[in-house]
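Listing of target-v1.txt; format and content: compact mmCIF, C-alpha atoms.
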```txt
# COMPACT_ATOMS: atom_id res chain seq x y z
CA MET A 1 73.56 120.89 -136.68
CA VAL A 2 76.46 122.42 -134.78
CA ASP A 3 76.20 123.70 -131.23
CA LYS A 4 75.95 127.46 -131.68
CA SER A 5 76.35 128.23 -127.97
CA LEU A 6 80.08 127.41 -128.06
CA GLU A 7 82.44 130.38 -127.80
CA LEU A 8 85.39 129.31 -129.93
CA PHE A 9 86.75 132.81 -130.46
CA ASP A 10 87.61 133.93 -126.96
CA SER A 11 87.53 137.25 -125.13
CA GLY A 12 90.78 139.10 -124.61
CA HIS A 13 91.64 139.69 -128.27
CA ARG A 14 92.95 143.17 -129.07
CA ALA A 15 90.43 144.37 -131.64
CA CYS A 16 89.02 147.89 -131.28
CA GLY A 17 85.82 148.19 -129.26
CA GLY A 18 82.96 147.54 -131.69
CA CYS A 19 85.10 145.71 -134.28
CA GLY A 20 83.02 144.16 -137.08
CA ALA A 21 85.74 141.65 -137.99
CA ALA A 22 86.00 140.32 -134.43
CA LEU A 23 82.25 139.80 -134.40
CA ALA A 24 82.49 138.09 -137.80
CA ALA A 25 85.18 135.70 -136.48
CA ARG A 26 83.02 134.83 -133.47
CA LEU A 27 79.93 134.18 -135.57
CA VAL A 28 81.84 132.21 -138.21
CA LEU A 29 83.22 129.85 -135.57
CA LYS A 30 79.76 129.49 -134.04
CA GLY A 31 78.50 128.41 -137.45
CA ALA A 32 81.51 126.19 -138.17
CA GLY A 33 81.67 124.39 -134.83
CA LYS A 34 84.64 122.88 -133.04
CA ASN A 35 85.53 120.29 -135.67
CA THR A 36 87.30 122.98 -137.66
CA ILE A 37 90.84 123.94 -138.61
CA VAL A 38 91.32 127.62 -139.37
CA VAL A 39 93.95 129.02 -141.71
CA SER A 40 94.45 132.78 -141.56
CA SER A 41 96.21 135.10 -143.90
CA THR A 42 97.99 138.18 -142.61
CA GLY A 43 95.63 140.99 -141.77
CA CYS A 44 93.98 142.83 -138.98
CA MET A 45 92.27 139.70 -137.68
CA GLU A 46 95.51 137.74 -137.56
CA VAL A 47 97.22 140.58 -135.68
CA PHE A 48 94.56 141.33 -133.11
CA SER A 49 93.66 137.71 -132.38
CA THR A 50 97.17 136.29 -132.04
CA PRO A 51 99.79 138.63 -130.55
CA TYR A 52 102.35 136.02 -129.43
CA PRO A 53 102.10 134.27 -126.94
CA GLU A 54 98.38 134.89 -126.85
CA THR A 55 95.67 133.52 -129.11
CA ALA A 56 91.93 134.06 -129.06
CA TRP A 57 91.26 130.96 -131.17
CA LYS A 58 90.14 127.79 -129.44
CA VAL A 59 90.34 125.67 -132.59
CA PRO A 60 93.56 124.64 -134.42
CA TRP A 61 94.78 127.75 -136.21
CA ILE A 62 97.68 128.39 -138.56
CA HIS A 63 99.10 131.49 -140.18
CA SER A 64 101.85 131.52 -142.75
CA LEU A 65 101.99 134.53 -145.07
CA PHE A 66 99.77 137.22 -146.54
CA GLU A 67 99.37 135.62 -149.95
CA ASN A 68 99.32 131.88 -149.36
CA ALA A 69 96.42 131.11 -147.00
CA ALA A 70 94.57 129.25 -149.78
CA ALA A 71 97.70 127.24 -150.63
CA VAL A 72 98.31 126.34 -146.96
CA ALA A 73 94.67 125.30 -146.61
CA SER A 74 95.01 123.17 -149.77
CA GLY A 75 97.87 121.30 -148.09
CA VAL A 76 95.98 120.92 -144.82
CA GLU A 77 92.93 119.61 -146.65
CA ALA A 78 94.95 117.16 -148.77
CA SER A 79 96.69 115.83 -145.67
CA LEU A 80 93.40 115.39 -143.77
CA LYS A 81 91.98 113.54 -146.75
CA LYS A 82 94.97 111.20 -146.91
CA GLN A 83 94.64 110.47 -143.18
CA GLY A 84 90.91 109.91 -143.48
CA ARG A 85 90.09 112.64 -140.95
CA THR A 86 86.85 114.61 -140.87
CA GLU A 87 87.91 118.09 -139.76
CA LYS A 88 86.67 120.93 -141.93
CA VAL A 89 89.10 123.53 -143.24
CA VAL A 90 88.13 127.18 -143.03
CA ILE A 91 90.21 130.09 -144.28
CA MET A 92 89.77 133.52 -142.76
CA GLY A 93 91.26 136.29 -144.84
CA GLY A 94 90.72 140.00 -145.07
CA ASP A 95 89.75 141.77 -148.26
CA GLY A 96 93.37 142.72 -148.95
CA ALA A 97 94.49 139.10 -148.76
CA THR A 98 91.50 137.95 -150.80
CA PHE A 99 90.94 140.60 -153.46
CA ASP A 100 94.56 141.60 -154.08
CA ILE A 101 97.49 139.73 -152.59
CA GLY A 102 96.20 136.16 -152.30
CA MET A 103 94.37 136.13 -155.63
CA ILE A 104 96.77 133.72 -157.40
CA CYS A 105 96.72 131.13 -154.61
CA ILE A 106 92.94 131.41 -154.26
CA SER A 107 92.39 130.99 -157.98
CA GLY A 108 94.69 127.95 -157.99
CA ALA A 109 93.04 126.33 -154.99
CA PHE A 110 89.53 126.87 -156.38
CA GLU A 111 90.58 125.48 -159.74
CA ARG A 112 92.03 122.36 -158.07
CA GLY A 113 88.74 121.92 -156.25
CA HIS A 114 89.92 121.45 -152.66
CA ASP A 115 87.21 120.88 -150.09
CA PHE A 116 87.44 124.03 -147.97
CA THR A 117 85.51 127.18 -147.18
CA TYR A 118 87.12 130.53 -147.87
CA ILE A 119 85.70 133.30 -145.71
CA CYS A 120 86.64 136.86 -146.53
CA TYR A 121 85.83 139.44 -143.87
CA ASP A 122 85.44 142.50 -146.00
CA ASN A 123 86.23 145.77 -144.22
CA GLU A 124 86.96 147.46 -147.52
CA ALA A 125 90.63 148.50 -147.10
CA TYR A 126 93.94 147.45 -145.51
CA MET A 127 92.97 148.41 -141.96
CA ASN A 128 95.85 146.80 -140.09
CA THR A 129 98.59 148.87 -141.75
CA GLY A 130 96.72 152.17 -141.66
CA ILE A 131 93.75 152.18 -144.02
CA GLN A 132 95.24 151.86 -147.50
CA ARG A 133 92.85 151.22 -150.39
CA SER A 134 92.34 147.66 -151.63
CA GLY A 135 90.41 146.08 -154.49
CA ALA A 136 87.41 146.00 -152.18
CA THR A 137 87.35 149.71 -151.36
CA PRO A 138 84.11 151.24 -152.66
CA TYR A 139 83.89 154.14 -155.08
CA ASP A 140 84.72 157.56 -153.58
CA ALA A 141 85.90 156.28 -150.19
CA SER A 142 88.75 158.32 -148.78
CA THR A 143 91.70 156.22 -147.58
CA THR A 144 95.33 157.09 -146.88
CA THR A 145 96.38 156.02 -150.39
CA SER A 146 93.29 157.49 -152.06
CA PRO A 147 92.82 160.67 -150.06
CA ALA A 148 90.00 163.04 -150.90
CA GLY A 149 91.09 166.61 -151.53
CA LYS A 150 91.14 169.37 -154.12
CA CYS A 151 91.90 167.05 -157.03
CA SER A 152 90.13 163.87 -155.95
CA PHE A 153 86.96 162.50 -154.38
CA GLY A 154 88.79 159.47 -152.98
CA ASN A 155 88.97 155.99 -154.47
CA LYS A 156 88.31 156.26 -158.20
CA ARG A 157 87.47 152.62 -158.90
CA PRO A 158 84.41 150.58 -157.95
CA LYS A 159 84.64 147.47 -155.79
CA LYS A 160 85.90 144.28 -157.45
CA ASP A 161 83.19 141.67 -157.86
CA MET A 162 84.97 138.82 -156.11
CA PRO A 163 81.96 136.50 -155.62
CA GLN A 164 81.34 136.46 -159.38
CA ILE A 165 85.02 135.74 -160.08
CA LEU A 166 84.98 132.73 -157.79
CA ALA A 167 81.60 131.58 -159.05
CA ALA A 168 83.19 131.62 -162.51
CA HIS A 169 85.81 129.17 -161.18
CA GLY A 170 82.94 126.72 -160.77
CA ALA A 171 82.61 127.02 -156.98
CA PRO A 172 79.52 125.08 -155.85
CA TYR A 173 78.57 127.60 -153.18
CA VAL A 174 79.30 131.33 -153.17
CA ALA A 175 77.53 133.69 -150.79
CA THR A 176 77.70 137.08 -149.16
CA ALA A 177 76.63 137.86 -145.61
CA SER A 178 76.79 140.67 -143.11
CA VAL A 179 77.46 140.94 -139.38
CA ALA A 180 74.14 142.79 -139.12
CA TYR A 181 72.30 139.52 -139.81
CA PRO A 182 74.04 137.04 -137.49
CA ALA A 183 71.59 134.15 -137.87
CA ASP A 184 71.86 134.35 -141.66
CA LEU A 185 75.66 134.51 -141.43
CA MET A 186 75.92 131.44 -139.19
CA GLN A 187 73.54 129.50 -141.39
CA LYS A 188 75.55 130.35 -144.51
CA VAL A 189 78.80 129.27 -142.83
CA GLU A 190 77.24 125.97 -141.86
CA LYS A 191 75.93 125.46 -145.37
CA ALA A 192 79.28 126.32 -146.98
CA ILE A 193 81.17 123.96 -144.70
CA ASN A 194 78.84 121.09 -145.48
CA THR A 195 79.07 121.68 -149.23
CA LYS A 196 81.77 119.61 -150.88
CA GLY A 197 84.33 121.55 -152.87
CA PRO A 198 85.73 125.06 -152.58
CA CYS A 199 83.12 127.47 -151.20
CA TYR A 200 83.37 131.21 -150.75
CA LEU A 201 81.66 133.47 -148.25
CA GLN A 202 82.19 137.22 -148.17
CA VAL A 203 81.20 138.89 -144.91
CA HIS A 204 80.63 142.63 -144.67
CA ALA A 205 82.43 143.74 -141.51
CA PRO A 206 82.40 147.50 -140.79
CA CYS A 207 85.61 148.91 -139.32
CA CYS A 208 85.02 151.78 -136.89
CA THR A 209 88.62 153.02 -137.06
CA GLY A 210 89.01 152.88 -140.82
CA TRP A 211 85.56 154.08 -141.84
CA GLY A 212 85.32 156.70 -139.11
CA PHE A 213 82.33 156.06 -136.88
CA GLU A 214 81.68 155.27 -133.23
CA GLY A 215 82.03 151.60 -132.22
CA GLU A 216 78.41 151.18 -131.16
CA GLN A 217 77.24 151.97 -134.73
CA THR A 218 78.85 148.87 -136.32
CA ILE A 219 75.64 146.89 -136.66
CA ALA A 220 73.52 149.90 -137.64
CA ILE A 221 75.94 150.79 -140.45
CA ALA A 222 76.17 147.22 -141.73
CA LYS A 223 72.38 147.19 -141.83
CA LEU A 224 72.28 150.51 -143.70
CA ALA A 225 74.66 149.13 -146.33
CA ILE A 226 72.10 146.44 -147.10
CA GLU A 227 69.11 148.75 -146.87
CA THR A 228 70.63 151.17 -149.37
CA GLY A 229 71.62 148.43 -151.83
CA LEU A 230 75.36 149.08 -151.60
CA TRP A 231 75.84 145.61 -150.14
CA VAL A 232 73.73 142.70 -151.36
CA ASN A 233 73.28 139.55 -149.29
CA PHE A 234 72.89 136.66 -151.72
CA GLU A 235 73.55 132.97 -152.16
CA MET A 236 74.81 131.42 -155.39
CA ILE A 237 74.55 127.70 -155.88
CA ASP A 238 76.50 126.30 -158.85
CA GLY A 239 76.88 129.80 -160.26
CA LYS A 240 73.20 130.73 -160.13
CA VAL A 241 71.74 133.22 -157.67
CA ALA A 242 69.42 131.17 -155.48
CA LYS A 243 68.46 133.53 -152.67
CA VAL A 244 68.64 137.30 -152.19
CA LYS A 245 67.89 139.50 -149.20
CA LYS A 246 65.16 141.87 -150.38
CA VAL A 247 64.72 145.36 -148.95
CA VAL A 248 62.71 148.52 -149.31
CA ARG A 249 65.61 150.64 -150.47
CA LYS A 250 66.73 153.87 -148.80
CA PRO A 251 68.76 156.57 -150.60
CA VAL A 252 72.55 155.91 -150.40
CA GLU A 253 73.06 159.25 -148.64
CA GLU A 254 71.83 157.77 -145.39
CA TYR A 255 74.69 155.27 -145.47
CA LEU A 256 77.34 157.71 -146.70
CA LYS A 257 76.55 160.36 -144.09
CA THR A 258 77.35 158.05 -141.20
CA GLN A 259 81.03 157.65 -142.06
CA LYS A 260 84.08 159.92 -142.10
CA ARG A 261 85.49 158.24 -145.21
CA PHE A 262 82.63 159.79 -147.23
CA ARG A 263 82.57 163.12 -145.38
CA HIS A 264 84.08 165.02 -148.34
CA LEU A 265 80.87 164.33 -150.29
CA PHE A 266 78.92 166.57 -147.92
CA LYS A 267 81.45 169.07 -146.55
CA PRO A 268 82.43 171.76 -147.30
CA LYS A 269 80.15 171.54 -150.31
CA ARG A 270 77.61 168.90 -151.16
CA GLN A 271 78.80 166.91 -154.21
CA ASP A 272 75.53 165.97 -155.90
CA ALA A 273 77.16 164.42 -158.98
CA GLU A 274 79.30 162.06 -156.89
CA ILE A 275 76.38 161.03 -154.67
CA ALA A 276 74.35 160.36 -157.82
CA ALA A 277 77.18 158.16 -159.13
CA ILE A 278 77.10 156.10 -155.92
CA GLN A 279 73.30 155.92 -156.10
CA ALA A 280 73.74 154.55 -159.64
CA ILE A 281 75.94 151.75 -158.23
CA ALA A 282 73.18 150.85 -155.75
CA ASP A 283 70.59 150.98 -158.55
CA ARG A 284 72.70 148.63 -160.68
CA ASN A 285 73.02 146.20 -157.73
CA ALA A 286 69.26 146.34 -157.20
CA GLU A 287 68.58 145.60 -160.84
CA LYS A 288 71.18 142.84 -161.11
CA TYR A 289 70.01 140.92 -158.03
CA GLY A 290 66.39 142.07 -157.90
CA ILE A 291 66.50 143.21 -154.28
CA ASP A 292 63.68 145.72 -154.42
CA ILE A 293 60.46 144.90 -152.62
CA LYS A 294 57.66 146.40 -154.66
CA LEU A 295 55.17 148.09 -152.37
CA LYS A 296 51.56 148.02 -153.46
CA LYS A 297 50.20 151.42 -154.35
CA GLU A 298 47.29 152.52 -152.21
CA MET B 1 116.31 116.68 -131.50
CA GLY B 2 113.17 117.98 -133.06
CA LEU B 3 113.43 121.37 -134.60
CA ALA B 4 110.72 123.75 -133.39
CA VAL B 5 109.23 125.59 -136.30
CA GLY B 6 106.96 128.54 -135.80
CA CYS B 7 105.32 129.84 -132.66
CA ARG B 8 102.71 128.00 -130.64
CA ALA B 9 100.23 129.20 -128.06
CA LYS B 10 97.66 127.48 -125.89
CA PRO B 11 94.06 127.78 -127.15
CA GLY B 12 92.25 130.80 -125.76
CA LYS B 13 95.42 132.16 -124.13
CA ALA B 14 94.20 135.66 -125.01
CA ARG B 15 92.19 135.60 -121.79
CA ASP B 16 95.39 136.76 -120.08
CA ASN B 17 94.79 140.10 -121.74
CA ARG B 18 92.15 141.83 -119.63
CA THR B 19 90.67 144.22 -122.12
CA GLY B 20 88.16 145.56 -119.59
CA SER B 21 90.73 148.22 -118.69
CA TRP B 22 90.13 149.88 -122.10
CA ARG B 23 86.57 150.77 -121.13
CA VAL B 24 85.33 154.33 -120.83
CA PHE B 25 81.58 153.69 -120.85
CA LYS B 26 80.18 150.81 -118.86
CA PRO B 27 76.97 149.02 -119.88
CA SER B 28 74.47 148.52 -117.09
CA PHE B 29 71.71 145.96 -117.60
CA ASP B 30 68.17 146.65 -116.39
CA ARG B 31 66.60 143.31 -115.49
CA GLY B 32 63.14 144.86 -115.35
CA LYS B 33 63.26 145.71 -119.07
CA CYS B 34 65.24 142.65 -120.27
CA THR B 35 63.16 140.24 -122.36
CA LYS B 36 65.95 137.59 -122.44
CA CYS B 37 66.04 137.72 -126.26
CA GLY B 38 69.81 137.22 -126.32
CA MET B 39 70.53 139.86 -129.00
CA CYS B 40 73.35 141.38 -126.90
CA MET B 41 74.96 137.95 -126.46
CA THR B 42 74.92 137.33 -130.21
CA LEU B 43 76.25 140.73 -131.23
CA CYS B 44 79.01 141.27 -128.64
CA PRO B 45 82.34 141.30 -130.53
CA GLU B 46 84.11 140.15 -127.36
CA GLY B 47 81.70 137.30 -126.72
CA CYS B 48 81.81 138.31 -123.07
CA ILE B 49 78.05 138.44 -122.34
CA HIS B 50 76.70 135.30 -120.71
CA GLN B 51 73.42 134.02 -119.39
CA THR B 52 72.96 133.67 -115.65
CA GLU B 53 71.01 130.85 -114.05
CA GLU B 54 67.77 132.84 -114.18
CA GLU B 55 68.40 133.37 -117.92
CA PHE B 56 69.21 137.05 -117.47
CA VAL B 57 72.31 138.29 -119.26
CA GLU B 58 75.47 139.52 -117.60
CA PRO B 59 78.66 140.85 -119.17
CA ASP B 60 82.11 139.87 -117.98
CA TYR B 61 83.54 143.27 -117.07
CA THR B 62 87.05 141.82 -117.10
CA TYR B 63 86.85 141.79 -120.91
CA CYS B 64 84.04 144.23 -121.85
CA LYS B 65 85.63 147.08 -123.85
CA GLY B 66 82.52 149.23 -123.51
CA CYS B 67 81.90 149.50 -127.27
CA GLY B 68 78.16 149.94 -126.71
CA ILE B 69 76.87 147.64 -129.47
CA CYS B 70 74.70 145.82 -126.89
CA ALA B 71 73.08 149.07 -125.70
CA GLU B 72 72.55 150.31 -129.27
CA GLU B 73 70.99 147.08 -130.53
CA CYS B 74 68.94 146.04 -127.47
CA PRO B 75 65.32 145.95 -128.71
CA GLY B 76 63.96 146.60 -125.20
CA GLU B 77 66.40 149.44 -124.44
CA ALA B 78 67.36 147.61 -121.27
CA ILE B 79 71.05 148.52 -121.49
CA ALA B 80 72.42 151.97 -120.61
CA MET B 81 75.98 153.17 -121.14
CA LYS B 82 77.35 155.16 -118.22
CA GLN B 83 80.74 156.80 -117.91
CA GLU B 84 82.86 154.76 -115.57
CA GLU B 85 84.64 156.22 -112.56
CA LYS B 86 87.96 154.49 -112.06
```
Once more with this new file: its structure as C-alpha cells, please.
Amino acid sequence: MVDKSLELFDSGHRACGGCGAALAARLVLKGAGKNTIVVSSTGCMEVFSTPYPETAWKVPWIHSLFENAAAVASGVEASLKKQGRTEKVVIMGGDGATFDIGMICISGAFERGHDFTYICYDNEAYMNTGIQRSGATPYDASTTTSPAGKCSFGNKRPKKDMPQILAAHGAPYVATASVAYPADLMQKVEKAINTKGPCYLQVHAPCCTGWGFEGEQTIAIAKLAIETGLWVNFEMIDGKVAKVKKVVRKPVEEYLKTQKRFRHLFKPKRQDAEIAAIQAIADRNAEKYGIDIKLKKE
Amino acid sequence: MGLAVGCRAKPGKARDNRTGSWRVFKPSFDRGKCTKCGMCMTLCPEGCIHQTEEEFVEPDYTYCKGCGICAEECPGEAIAMKQEEK
C-alpha cells in the first residue's frame, strides 16, 4: 500500500480553476506513490505544470516531445531494469498525444512489453492549443476545428476506442476511470503500477475552458458522463472485462445540456435526431458493458 | 566540461507561483457543519486544503484559485463561496 496522504503534485501550477486534468495528476500521483518516475508528453498538463523554471512535480519528471513519451518511457524502464532499480515508470499523456500523435510509439512500446503504466487524461480535444478536435472528441461536440453551424453539428466521428486497441496488443491491465470517483481512480493506478507489463489507464478529466462550463461543475459533469452511459468505468484483465461501474442510467440530455460544446443541439432549435444519435451511443455502451442496474418492478 | 542538456527545475518549485491572486470567490469553511469527511481535500485540484490539528480542514489561500469544487461537492454544505474584496 502506498501512502495516499502525500502531495506529490504541488500547488502553484497554472491550470485553470477547477481543472479536471490537474486533479487527475494529483490523484494519479497519490495512487502511484513517491517511488515513481513520470514521463509526460506535450499537452496541457505539461504546459501548466512546468513553465520553466517552475515545476509542480515532486517526483522525477521528464518531457521530450509530443509523440515519443512511450518511447522515452521504454528507455527509462530498460535502463532501470539494467541497473536493478525498483522505481515504477508512469506516463502521463493527454488524449491528443495518446489517441493521435503518439499512437505509433505507444503501439511499439506495448508490443515490446515494457513494464510501465500509460495514463491518458482524456479531456476530449487538444485543449492547450485552443480546443481542436482529436480522436477522443465525442460525436457532435463543437470544437474550433469541428465548429457547429449551418452545415454541421460539430464533430462527425465517434470517439476512438483506445482501451480496446491496447487490450488487443495483449496488455495485462487496461482500465478507465474518472476524476468523479477518486478512490476508484487511485486504486486502479495502484493496481496498474503493480501489474507487470504495459498497462493502460484512461482517466476522464473534464475541461471547463474547452467544454464550456463553470469550474465548480467539474466533478458533477464527470459524474453525469458516467450516469448517462457516455463514459464507462471498467477494468479489463488480460483482455476480458472484469469489473464495470453499474448505474441507473439518466437520459444523455442531462449531460449534454451542461456544456457549451453541445449547446447547438438545444439552441436555437432542439435537434431531436442528433440527441437520439448520442443516446444510441450511450445505449450501445450500456449493452456492450452491461452497466444497467435493473430495478425491480413494484 | 559536461554539456548541460535540457532544462532542470527543483521539485515543487511551482510554489513560487502564488495562484491565490487569481481568486474571485473565496471559500469560507463553517466548522459547525463540517463532518471532517475530507471530500474537499481529495477533490481540490490545487491540493491546497489541509487538515488542522483538530482535524478540521483549512485551505491555503496563497494557492486557492477559488474554483468552488469544494463548496459544490461538500456533502454537509459547510463551504460557502463569497466574493472577495481585494
Any chance you could tabulate, as CSV, the residues of segment 6-64 of chain A at most 12 Å from segment 172-182 of chain A with each one's nearest atom pair and distance in Å to one decimal, using only C-alpha atoms, in chain and rising number order?
```
residue,atom,partner,partner_atom,distance
A:Gly18,CA,A:Val179,CA,11.5
A:Cys19,CA,A:Val179,CA,10.4
A:Gly20,CA,A:Val179,CA,6.8
A:Ala21,CA,A:Val179,CA,8.4
A:Ala22,CA,A:Val179,CA,9.9
A:Leu23,CA,A:Val179,CA,7.0
A:Ala24,CA,A:Val179,CA,6.0
A:Ala25,CA,A:Val179,CA,9.8
A:Arg26,CA,A:Pro182,CA,10.1
A:Leu27,CA,A:Pro182,CA,6.8
A:Val28,CA,A:Pro182,CA,9.2
A:Leu29,CA,A:Pro182,CA,11.8
A:Lys30,CA,A:Pro182,CA,10.1
A:Gly31,CA,A:Pro182,CA,9.7
```
Within 9 Å of chain B, which residues belong to chain A? Use all atoms listed in the file and report them as a PyMOL selection string. chain A and resi 7-27+49-60+179-180+182-183+214-220
If we count all atoms listed in the file and set the cut-off at 7 Å, which residues sit around Arg133 of chain A, ignoring sequence neighbours fewer than 5 positions away in its own chain? Please answer as a list in words. Ala125, Tyr126, Thr143, Thr145 and Ser146 of chain A
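Atom pair atom CA of Leu265 of chain A / atom CA of Ala141 of chain A: separated by 9.5 Å.
Residues in contact range of Gln279 of chain A, defined as at most 9 Å between all atoms listed in the file, with sequence neighbours fewer than 6 positions away removed, read Thr228, Gly229, Leu230, Pro251, Val252 and Glu253 of chain A.
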Neighbours of Glu84 of chain B within 9 Å (only C-alpha atoms; same-chain residues fewer than 5 positions away dropped), as a ChimeraX atom specification? /B:23-26
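Between atom CA of Ile104 of chain A and atom CA of Met186 of chain A there is a distance of 27.8 Å.
Note that the spacing between atom CA of Asp238 of chain A and atom CA of Gly113 of chain A amounts to 13.3 Å.
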10 Å contact set for segment 83-89 of chain A, all atoms listed in the file, chain neighbours under 5 positions out, as a ChimeraX atom specification: /A:32-39,60-61,73-74,76-78,114-118,193-194
Tell me which protein, DNA and RNA residues are within 12 Å of Gly32 of chain B, counting all atoms listed in the file, leaving out same-chain ones fewer than 6 positions away, and put them as a VMD selection string. chain B and resid 56 to 57 76 to 79
Residue list as a PDB file with C-alpha atoms, keeping the file's coordinate frame for point (77.4, 153.9, -146.4), cut-off 6 Å, only C-alpha atoms:
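part10.pdb, freshly written:
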```
ATOM      1  CA  ALA A 225      74.660 149.130-146.330  1.00  0.00           C
ATOM      2  CA  TYR A 255      74.690 155.270-145.470  1.00  0.00           C
ATOM      3  CA  LEU A 256      77.340 157.710-146.700  1.00  0.00           C
TER       4      LEU A 256
END
```
Which centre and edge lengths in Å to one decimal define the box along x, y and z that fits every listed atom of segment 57-72 of chain B plus 8 Å per side, as lines of an AutoDock Vina configuration file?
```
center_x = 79.7
center_y = 144.3
center_z = -123.3
size_x = 30.7
size_y = 28.0
size_z = 28.4
```
Counting only C-alpha atoms, which residues sit no farther than 12 Å from the position (80.5, 142.8, -155.8) in the file's frame? I'd like them as a VMD selection string. chain A and resid 95 99 122 124 135 to 139 158 to 167 174 to 177 202 to 204 229 to 234 281 to 282 284 to 286 288 to 289
The residue from B:Phe29, B:His50, B:Cys40, B:Glu55 with the smallest atom-to-atom distance to Pro75 of chain B, counting all atoms listed in the file, is B:Cys40
